[in-house]
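Undergrad: The structure's right below; bear with me while I get my questions together.
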Amino acid sequence: MEKMWAGRFQKTLDKKADDFNSSIRFDCRMYAQDIQGSMAHAEMLAKQGILSQADVDLIIDGLAGILQDIQTGKLPFDENAEDIHMFVEAELTKRIGDAGKRLHTARSRNDQVALDIRLYLRDKAEEVIGLIENLVAVVTDKAEETADVIAPAYTHLQRAQPISFGHQLMAYSMMLLRDIGRIRDAVKRMNYSPLGSCALAGTTYPTDRAFVAEKLGFDGVTRNSIDGVSDRDFCVELTSAFSILMMHLSRFSEEIILWSSWEFKFVELDDAYTTGSSIMPQKKNSDMAELVRGKTGRVYGDLTALLTMLKGLPLAYNKDMQEDKEATFDALDTVVMCLEVFTPMIATMKVYAENTYKAAQKGFINATDLADYLAKKGMPFRSAYKTVGQIVAECIEKGCVLDDYPLTEYKKHSELFEQDLYQEIALETCVEKRNSEGGASPKSVREQIAYVRKELKKL
Ligand code: ARG
């Protein structure tokens, strides 16, 4: 196929160089946005008297036909086209002749591509937000189901304090809500139309950029034509928000993998989301969670690729920027794929309350509560902390736990100890009483659930 810019050249492009240069393989997915943008541009050209209404009518009809033919599979993408923009324009000219050749008046591929990616990512970001909302709803339901399940919580992966299992799950709901906020923020800044920046310096035609922006649902136009065509911050921002989201999913995955092990057995994943081994008959592996954890690195890679691609670029457009799409689209596709598997995996996950309870019974998880018991009776917390430390050491030596250590032994450490200490350090009490705002008690978990559900409704 002859290049649109062939006039300037004596020779055709080398075949390998041509393939290397072409982006249609990956930018063809923006065909609907490219056509939508061209339609708005053409309408503006007619309104401003830059093109005749007759030409623009032909253009709009022609573009609508192309859109339909692509959607129905009647018009396959030409692998030899340079990119989706050239493909659509060439096809339009094939169909309507000279009017098609007029479409690119007062426009460049530089502002065209900048527009298309914004339109495309704006739509897709909404889709991702919808998927995260589903996940938040599922995690929150699971938290409600397990609000009364007592489990150990960890620091340094050492048993730390007893909590409601739902409390741990709600931590993820909070993270995911922030992820939605971050994506929304990125979209907010992305939602300005660069069209009309042209190659880099604007145009001498009397264009109406605001008209195009409004038609396409933007909040306004970009304010500097060089920035309009050179800015890819929105790709970086969105991929960065995706990276943080993946980091959250990865931490969650790591816990699920750990919890699914025989050593923990806090949860069991449904057969539909686990795999077996080719040699070890007993195995049930958390492959989906492992893959989500693994794919997190891939999304970080996309973010690094974008930042690195942009860091040395002089203004304005450089072909390096064509790399923005593969990286951003890969991050997007990965996030979508992960969410689509992760959400039902959580929805079908079983929580073994007896096991989380048993794990909470060992490891002196109620030692803080014993120190608090003394402190509430008047001993300064630091002294109480030290006293309990000594008692824990004795217990370890004698092979018992705080719950079955005799009162006579306690009394040797402080006269403040009474029979009621046992009630005070019972796991149920420790969890029940952690009622501070955002604390680990079932009551607090239910408050968090109500909060998250209210936030979800606002979205
Ligand atoms: N395919 C190109 C890209 O994705 C479109 C812009 C081309 N502009 C140019 N001046 N060569 O970046």
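Residues are named by chain letter and number: chains run A, B, ... in the order of the structure tokens, numbers start at 1 in each chain, and ligands are numbered from 1 in the order shown.
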Which residues are near ligand 1 in this structure, taking near to mean any atom at most 7 Å from a ligand atom and counting only C-alpha atoms and all ligand atoms? Format them as a VMD selection string.
TA: chain A and resid 22 to 23 82 to 83 109 to 110 113 317 319 321 to 322
Undergrad: Write the residues of the selection above to a file with C-alpha atoms, as an mmCIF file, in the first residue's frame.
TA:
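Output (selection_32.cif):
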data_model
loop_
_atom_site.group_PDB
_atom_site.id
_atom_site.type_symbol
_atom_site.label_atom_id
_atom_site.label_comp_id
_atom_site.auth_asym_id
_atom_site.auth_seq_id
_atom_site.Cartn_x
_atom_site.Cartn_y
_atom_site.Cartn_z
ATOM 1 C CA SER A 22 3.598 -0.107 12.027
ATOM 2 C CA SER A 23 1.385 0.038 15.098
ATOM 3 C CA GLU A 82 0.868 2.116 9.264
ATOM 4 C CA ASP A 83 -1.606 2.598 12.070
ATOM 5 C CA ARG A 109 -1.912 12.302 13.666
ATOM 6 C CA ASN A 110 -0.145 13.718 16.678
ATOM 7 C CA VAL A 113 -3.546 9.762 18.528
ATOM 8 C CA TYR A 317 6.024 14.253 19.437
ATOM 9 C CA LYS A 319 7.982 8.093 17.581
ATOM 10 C CA MET A 321 5.724 7.601 22.102
ATOM 11 C CA GLN A 322 4.077 4.918 19.994
#
Undergrad: List every residue of stretch 103-199 of chain A that has an atom at most 6 Å from any atom of stretch 435-459 of chain A, giving for each one its closest atom pair and the distance in Å to one decimal, counting only C-alpha atoms, sorted by chain and then by ascending residue number, as a Markdown table.
TA:
| residue | atom | partner | partner_atom | distance |
| --- | --- | --- | --- | --- |
| A:Ala147 | CA | A:Pro442 | CA | 5.1 |
| A:Asp148 | CA | A:Pro442 | CA | 5.7 |
| A:Ile163 | CA | A:Ala440 | CA | 5.1 |
| A:Ser164 | CA | A:Ala440 | CA | 5.8 |
| A:His167 | CA | A:Val445 | CA | 5.6 |
Undergrad: If you run DSSP on the backbone here, which positions in stretch 44-246 of chain A get helix (DSSP H, G or I)? Please write them as a ChimeraX atom specification.
TA: /A:44-47,53-71,84-96,98-102,109-145,165-190,209-215,225-230,233-246
Undergrad: Using DSSP secondary structure from the backbone, list all strand (DSSP E) positions within stretch 226-429 of chain A, as a PyMOL selection string.
TA: chain A and resi 267-268+350-351
